[in-house]
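Have a look at the structure below before the remarks.
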Amino acid sequence: MPLEFSKFLKKLSVEVVVGRWSFQVEAMDRGKFSDEFIERSAVIYLTEEFGKANGFKEGDVVRVSSGNKSVNLKIMFTDVAPENGAFMPNSIYTSYLSDFSNFKRFNATLEPTDDDVTKPEEIMQKVLSKI
Amino acid sequence: MHVCTGCSCLCDDIDLKIENGRISRAYNACRRGAGIFLNISSSRAKPTIDGQQVDLERALQKAQEIIQDSENLAIYGLDTTTLEAQRLAIELAEKKEAFIDDNSTFCLGDFVEMILKKEIPSTTLEEVKNNAYVLFYWGTDPYHSLSRHLSKFTYYPRGGKRQRGYEEDRFLVVIDIRKTHTAKLAKKNARFLKAENDADIIRGFIDALEGRSPKIFQKEIPRILKEMEKGGFNVIFGGLGLKYGLGGDYALLKEMIERMNERSEVYFMPAGCHPNMRGFNELLFEKTGHVNRYSFREKRSSDDFAFHRLLKNDSADTALIIGSDPLNSLPLEYAGKLSEINTIVIDPRETFTGRVAKVTIPSALSGVESGGTMIGADGSRIELNPVFEAEINDEYILKKLLEVV
């Protein structure tokens, strides 16, 4: 059985910057309930250097938590992420994690998880069940 | 040629190849624009009531009943539709003494308002192409949000006084919290300023303009100001990063622009995405003197009338959402409340909000399936040239709703 080192990692605290990502916007026109939309929206971008320094590899699924809310997202590497932070495309995932007081920049923690990436329907269910 | 309604650039040079009644190629369009034209049949909305598909007439009738019975109607969205439809929505709001708001409240409406009130000087993209030397992109990444901004209007094109290309005839300044794809262009004849605090950078410019050494970017700021004097015509494109970085206090920004203008011409332009956000702002401003967050009952604009605040405070019993998806774009603790009230969604495509709405009414894609007029971020009016003509568009639906008030 392979040793899953990521399971022993502690939580990583980061500031998440939210912005437009044209590849993700393109997917919206194909359908917000499509696999492509999830693939391009349920992601959190780190620089390769920062990600690897913290024990993450591209494709890892992490639980991203802000306050008492969390979603599972896939880690992707890009050289345009903040140096010691993260970038997320503007979508239902960032709308769920943020508030107007921290709308385009919010603090979050990242921790490894074996769960699947969260689907938009699951977020909607979480929100609606609280109302 | 067709007009792309993917963003506020409203590019009017889109050449489409149509084969067997379908768009097969979208020449000149960016990734976002091509996505709209090439996916017109994807994820189209269907008429529904309580999540069940019904025929269009039934959905329209139900929406009419809800509007008729509503006591506190909030109309929201509107930035992706035409001026003609926006005008009808404003008329509906007035007749119902309703609240009306658009995305500009949390997007760049503050900047548009300052321009309309002539508190800061602005210009057109055509003027920028022909004259601008120093180009600031402040808190915006047009590479992703306004993909042809640099290639069609600002940095790369040759025009008017700027015939020698970007290597010599443009000076690019990118100010952002991170090194974006746009910032990566800042090599020759360019500067990238990493924005830890936007107000501090503004103070740095003001200090330098007053002859003091700026506390940050001591080398970069004086050099940029020198280039601005050399160029004579300069423009600052401000995005959401700048808006949220300043936390709603624009006194310093206005002071900086005023002081800069004592040395050379400096204009400001919002770098926002929604294709006709400025159109809505202008129409409401002409009618009420305010650009958003307006109550026709109270005849005033207020933060309390921002759409998310109306939801938070349970101030609306009915929401009419046109061409917007609050569940995707607003913090969900507010947007989620749309499932508690009578929500009507008019949209060409399936949306998250549509899934929780009482009624959904499918509409046409503005610019692709319906014509009309839009106003770009620079205030230019653009006539749309649709490829197809759908009978059911936003105008048609809003006229139907107006019949009952």
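In the structure tokens, the first chain shown is A, the next is B, and so on; residue numbers restart at 1 for each chain, and ligands run from 1 in the order shown.
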
Could you please tell me, as a list in words, which residues of chain B have an atom within 7 Å of chain A when using only C-alpha atoms? Arg31, Arg32, Gly35, Ile36, Asn39, Ser42, Ser43, His144, Ser145, Arg178, Lys179, Thr180, His181, Leu327, Asn328, Ser329, Leu330, Pro331, Leu332, Gly336 and Thr351 of chain B

Write the residues you've just listed into a file as a PDB file, in the first residue's frame, and include N, CA and C atoms for each of them.
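Okay, out-v3.pdb is ready:
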ATOM      1  N   ARG B  31     -11.599  34.196 -26.795  1.00  0.00           N
ATOM      2  CA  ARG B  31     -12.100  32.919 -26.273  1.00  0.00           C
ATOM      3  C   ARG B  31     -13.529  33.079 -25.719  1.00  0.00           C
ATOM      4  N   ARG B  32     -13.739  34.163 -24.972  1.00  0.00           N
ATOM      5  CA  ARG B  32     -15.052  34.415 -24.382  1.00  0.00           C
ATOM      6  C   ARG B  32     -16.106  34.628 -25.477  1.00  0.00           C
ATOM      7  N   GLY B  35     -16.900  31.609 -27.466  1.00  0.00           N
ATOM      8  CA  GLY B  35     -17.709  30.705 -26.636  1.00  0.00           C
ATOM      9  C   GLY B  35     -19.190  31.016 -26.743  1.00  0.00           C
ATOM     10  N   ILE B  36     -19.521  32.293 -26.827  1.00  0.00           N
ATOM     11  CA  ILE B  36     -20.931  32.684 -26.937  1.00  0.00           C
ATOM     12  C   ILE B  36     -21.497  32.271 -28.297  1.00  0.00           C
ATOM     13  N   ASN B  39     -21.525  28.341 -29.025  1.00  0.00           N
ATOM     14  CA  ASN B  39     -22.303  27.485 -28.109  1.00  0.00           C
ATOM     15  C   ASN B  39     -23.725  27.997 -27.933  1.00  0.00           C
ATOM     16  N   SER B  42     -26.099  25.506 -26.513  1.00  0.00           N
ATOM     17  CA  SER B  42     -25.760  24.790 -25.272  1.00  0.00           C
ATOM     18  C   SER B  42     -26.502  25.368 -24.073  1.00  0.00           C
ATOM     19  N   SER B  43     -26.834  24.516 -23.177  1.00  0.00           N
ATOM     20  CA  SER B  43     -27.425  24.840 -21.861  1.00  0.00           C
ATOM     21  C   SER B  43     -28.518  25.895 -21.953  1.00  0.00           C
ATOM     22  N   HIS B 144      -7.709  38.206 -19.258  1.00  0.00           N
ATOM     23  CA  HIS B 144      -8.797  37.254 -19.018  1.00  0.00           C
ATOM     24  C   HIS B 144     -10.182  37.898 -19.038  1.00  0.00           C
ATOM     25  N   SER B 145     -10.289  39.162 -18.604  1.00  0.00           N
ATOM     26  CA  SER B 145     -11.625  39.738 -18.455  1.00  0.00           C
ATOM     27  C   SER B 145     -12.074  40.531 -19.685  1.00  0.00           C
ATOM     28  N   ARG B 178      -1.135  40.516  -7.757  1.00  0.00           N
ATOM     29  CA  ARG B 178      -0.345  39.359  -8.208  1.00  0.00           C
ATOM     30  C   ARG B 178       0.154  39.624  -9.613  1.00  0.00           C
ATOM     31  N   LYS B 179       1.145  38.835 -10.026  1.00  0.00           N
ATOM     32  CA  LYS B 179       1.691  39.041 -11.366  1.00  0.00           C
ATOM     33  C   LYS B 179       0.801  38.302 -12.375  1.00  0.00           C
ATOM     34  N   THR B 180      -0.192  39.000 -12.856  1.00  0.00           N
ATOM     35  CA  THR B 180      -1.188  38.425 -13.761  1.00  0.00           C
ATOM     36  C   THR B 180      -0.588  38.205 -15.152  1.00  0.00           C
ATOM     37  N   HIS B 181      -1.382  37.585 -16.018  1.00  0.00           N
ATOM     38  CA  HIS B 181      -0.926  37.428 -17.404  1.00  0.00           C
ATOM     39  C   HIS B 181      -0.699  38.801 -18.049  1.00  0.00           C
ATOM     40  N   LEU B 327     -26.721  33.462  -7.870  1.00  0.00           N
ATOM     41  CA  LEU B 327     -26.149  32.338  -7.124  1.00  0.00           C
ATOM     42  C   LEU B 327     -24.713  32.037  -7.564  1.00  0.00           C
ATOM     43  N   ASN B 328     -24.353  32.498  -8.727  1.00  0.00           N
ATOM     44  CA  ASN B 328     -22.974  32.316  -9.185  1.00  0.00           C
ATOM     45  C   ASN B 328     -22.095  33.501  -8.792  1.00  0.00           C
ATOM     46  N   SER B 329     -22.713  34.683  -8.662  1.00  0.00           N
ATOM     47  CA  SER B 329     -21.871  35.872  -8.554  1.00  0.00           C
ATOM     48  C   SER B 329     -21.978  36.632  -7.233  1.00  0.00           C
ATOM     49  N   LEU B 330     -22.991  36.369  -6.432  1.00  0.00           N
ATOM     50  CA  LEU B 330     -23.119  37.065  -5.145  1.00  0.00           C
ATOM     51  C   LEU B 330     -22.827  36.088  -4.008  1.00  0.00           C
ATOM     52  N   PRO B 331     -22.324  36.579  -2.881  1.00  0.00           N
ATOM     53  CA  PRO B 331     -22.152  35.677  -1.740  1.00  0.00           C
ATOM     54  C   PRO B 331     -23.445  34.906  -1.466  1.00  0.00           C
ATOM     55  N   LEU B 332     -23.300  33.605  -1.307  1.00  0.00           N
ATOM     56  CA  LEU B 332     -24.495  32.756  -1.300  1.00  0.00           C
ATOM     57  C   LEU B 332     -25.394  32.933  -0.083  1.00  0.00           C
ATOM     58  N   GLY B 336     -28.844  32.891  -1.704  1.00  0.00           N
ATOM     59  CA  GLY B 336     -29.630  31.708  -1.367  1.00  0.00           C
ATOM     60  C   GLY B 336     -31.054  32.051  -0.977  1.00  0.00           C
ATOM     61  N   THR B 351     -29.269  28.589 -15.426  1.00  0.00           N
ATOM     62  CA  THR B 351     -28.440  29.213 -14.387  1.00  0.00           C
ATOM     63  C   THR B 351     -28.698  28.529 -13.049  1.00  0.00           C
TER      64      THR B 351
END

Leaving out Val291 (chain B) and any residue of its chain fewer than 3 positions from it, which residues lie within 8 Å of it when counting only C-alpha atoms, given as a short mmCIF file (atom, residue, chain, number, x, y, z; two decimals) with all heavy atoms, in the first residue's frame?
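Below is the file that was written, out03.cif:
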data_model
loop_
_atom_site.label_atom_id
_atom_site.label_comp_id
_atom_site.auth_asym_id
_atom_site.auth_seq_id
_atom_site.Cartn_x
_atom_site.Cartn_y
_atom_site.Cartn_z
N GLY B 109 -19.79 50.31 -10.76
CA GLY B 109 -20.76 51.40 -10.83
C GLY B 109 -20.24 52.69 -10.21
O GLY B 109 -20.56 53.79 -10.69
N VAL B 112 -18.30 54.50 -12.84
CA VAL B 112 -19.18 55.06 -13.89
C VAL B 112 -19.88 56.31 -13.35
O VAL B 112 -19.98 57.33 -14.03
CB VAL B 112 -20.21 54.02 -14.37
CG1 VAL B 112 -21.15 54.64 -15.40
CG2 VAL B 112 -19.53 52.80 -14.98
N GLU B 113 -20.33 56.23 -12.10
CA GLU B 113 -21.02 57.38 -11.50
C GLU B 113 -20.10 58.60 -11.44
O GLU B 113 -20.52 59.72 -11.75
CB GLU B 113 -21.53 57.01 -10.10
CG GLU B 113 -22.40 58.10 -9.49
CD GLU B 113 -23.11 57.65 -8.23
OE1 GLU B 113 -22.74 56.60 -7.66
OE2 GLU B 113 -24.05 58.34 -7.81
N PHE B 280 -27.05 50.54 -18.51
CA PHE B 280 -28.02 50.60 -17.42
C PHE B 280 -27.73 51.80 -16.52
O PHE B 280 -28.65 52.55 -16.15
CB PHE B 280 -28.00 49.31 -16.59
CG PHE B 280 -28.89 49.39 -15.38
CD1 PHE B 280 -30.26 49.24 -15.50
CD2 PHE B 280 -28.36 49.66 -14.12
CE1 PHE B 280 -31.09 49.35 -14.38
CE2 PHE B 280 -29.18 49.77 -13.01
CZ PHE B 280 -30.55 49.62 -13.14
N ASN B 281 -26.46 51.98 -16.19
CA ASN B 281 -26.08 53.11 -15.31
C ASN B 281 -26.51 54.44 -15.94
O ASN B 281 -27.04 55.31 -15.25
CB ASN B 281 -24.56 53.13 -15.08
CG ASN B 281 -24.07 51.97 -14.24
OD1 ASN B 281 -22.94 51.54 -14.36
ND2 ASN B 281 -24.92 51.42 -13.39
N GLU B 282 -26.27 54.58 -17.23
CA GLU B 282 -26.62 55.85 -17.89
C GLU B 282 -28.13 56.07 -17.94
O GLU B 282 -28.61 57.18 -17.70
CB GLU B 282 -26.02 55.89 -19.31
CG GLU B 282 -24.51 56.05 -19.29
CD GLU B 282 -23.94 56.58 -20.60
OE1 GLU B 282 -24.73 57.00 -21.47
OE2 GLU B 282 -22.70 56.56 -20.74
N LEU B 283 -28.87 55.01 -18.25
CA LEU B 283 -30.34 55.15 -18.34
C LEU B 283 -30.93 55.54 -16.99
O LEU B 283 -31.77 56.44 -16.89
CB LEU B 283 -30.98 53.84 -18.80
CG LEU B 283 -30.92 53.50 -20.28
CD1 LEU B 283 -31.66 52.18 -20.53
CD2 LEU B 283 -31.52 54.60 -21.14
N LEU B 284 -30.48 54.83 -15.94
CA LEU B 284 -31.03 55.13 -14.61
C LEU B 284 -30.58 56.51 -14.15
O LEU B 284 -31.35 57.25 -13.52
CB LEU B 284 -30.61 54.05 -13.60
CG LEU B 284 -31.39 54.06 -12.29
CD1 LEU B 284 -32.87 53.69 -12.52
CD2 LEU B 284 -30.80 53.09 -11.26
N PHE B 285 -29.36 56.88 -14.51
CA PHE B 285 -28.84 58.20 -14.13
C PHE B 285 -29.65 59.31 -14.79
O PHE B 285 -29.99 60.31 -14.16
CB PHE B 285 -27.36 58.29 -14.54
CG PHE B 285 -26.67 59.53 -14.05
CD1 PHE B 285 -26.27 59.64 -12.73
CD2 PHE B 285 -26.43 60.59 -14.91
CE1 PHE B 285 -25.63 60.78 -12.27
CE2 PHE B 285 -25.79 61.74 -14.46
CZ PHE B 285 -25.39 61.84 -13.14
N THR B 288 -33.07 59.24 -12.88
CA THR B 288 -33.16 59.48 -11.43
C THR B 288 -31.99 60.27 -10.85
O THR B 288 -32.06 60.68 -9.69
CB THR B 288 -33.22 58.13 -10.68
OG1 THR B 288 -31.95 57.47 -10.81
CG2 THR B 288 -34.31 57.23 -11.22
N TYR B 294 -31.71 51.73 -6.54
CA TYR B 294 -32.74 52.78 -6.51
C TYR B 294 -34.10 52.20 -6.11
O TYR B 294 -34.50 51.12 -6.54
CB TYR B 294 -32.85 53.45 -7.88
CG TYR B 294 -33.63 54.72 -7.83
CD1 TYR B 294 -33.06 55.88 -7.34
CD2 TYR B 294 -34.95 54.78 -8.26
CE1 TYR B 294 -33.78 57.07 -7.26
CE2 TYR B 294 -35.69 55.95 -8.20
CZ TYR B 294 -35.08 57.09 -7.70
OH TYR B 294 -35.79 58.26 -7.63
#

Nearest-residue call for Asn28 (chain B), choices B:Ser363, B:Leu242, B:Asp13, B:Ala63, using only C-alpha atoms: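 The closest residue to Asn28 (chain B) is B:Asp13.
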
Residue neighbourhood Gly51 (chain A), 12 Å, only C-alpha atoms, exclusion window fewer than 4 positions, as JSON, numbers by chain: {"A": [6, 12, 14, 44, 45, 46, 47, 55, 56, 57, 58, 59, 60, 62, 75, 76, 77, 78, 79, 81, 82, 83, 84, 85, 86, 110, 111]}

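For the pair CA of Ile382 (chain B) and CA of Asp15 (chain B), the interatomic distance is 16.3 Å.
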
Judged by only C-alpha atoms, the minimum distance to Val173 (chain B) among B:Gly272, B:Pro362, B:Gly238, B:Pro326 is found for B:Gly238

Applying 12 Å and only C-alpha atoms, which residues near Arg300 (chain B) remain after dropping the ones on its own chain fewer than 2 positions away? List them as a ChimeraX atom specification. /B:97-100,284-285,287-298,302-306

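Closest to Gln218 (chain B) among B:Asn103, B:Gly231, B:Leu193, B:Arg162 is B:Leu193, based on only C-alpha atoms.
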
How far is it from CA of Tyr244 (chain B) to CA of Pro89 (chain A), in Å with one decimal?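 CA of Pro89 (chain A) lies at a distance of 16.6 Å from CA of Tyr244 (chain B).
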
Applying 9 Å and only C-alpha atoms, which residues near Gly77 (chain B) remain after dropping the ones on its own chain fewer than 5 positions away? List them as a PyMOL selection string. chain B and resi 100-103+320-326

Only N, CA and C atoms, please: the residues just picked out, written as a compact mmCIF listing (two decimals), in the first residue's frame.
# COMPACT_ATOMS: atom_id res chain seq x y z
N ILE B 100 -34.72 48.75 -8.02
CA ILE B 100 -34.01 48.29 -9.21
C ILE B 100 -32.51 48.43 -8.97
N ASP B 101 -31.78 47.40 -9.36
CA ASP B 101 -30.33 47.39 -9.13
C ASP B 101 -29.69 46.49 -10.18
N ASP B 102 -28.39 46.67 -10.37
CA ASP B 102 -27.67 45.81 -11.30
C ASP B 102 -26.33 45.41 -10.68
N ASN B 103 -25.53 44.68 -11.47
CA ASN B 103 -24.24 44.19 -10.96
C ASN B 103 -23.28 45.32 -10.61
N LEU B 320 -37.24 39.87 -9.79
CA LEU B 320 -37.24 39.64 -11.24
C LEU B 320 -35.79 39.79 -11.70
N ILE B 321 -35.19 38.70 -12.13
CA ILE B 321 -33.78 38.70 -12.48
C ILE B 321 -33.61 38.51 -13.98
N ILE B 322 -32.96 39.48 -14.59
CA ILE B 322 -32.85 39.46 -16.04
C ILE B 322 -31.37 39.37 -16.45
N GLY B 323 -31.02 38.24 -17.06
CA GLY B 323 -29.66 38.08 -17.58
C GLY B 323 -28.58 38.11 -16.53
N SER B 324 -28.84 37.54 -15.39
CA SER B 324 -27.83 37.50 -14.34
C SER B 324 -28.04 36.23 -13.51
N ASP B 325 -27.00 35.82 -12.81
CA ASP B 325 -27.07 34.59 -12.02
C ASP B 325 -26.50 34.85 -10.63
N PRO B 326 -27.30 35.47 -9.76
CA PRO B 326 -26.78 35.84 -8.44
C PRO B 326 -26.19 34.67 -7.65

Within 12 Å of Glu227 (chain B) using only C-alpha atoms, minus same-chain residues under 2 positions, as an MDAnalysis selection string: chainID B and resid 132:136 168:173 189:191 220:225 229:234 260 263:265
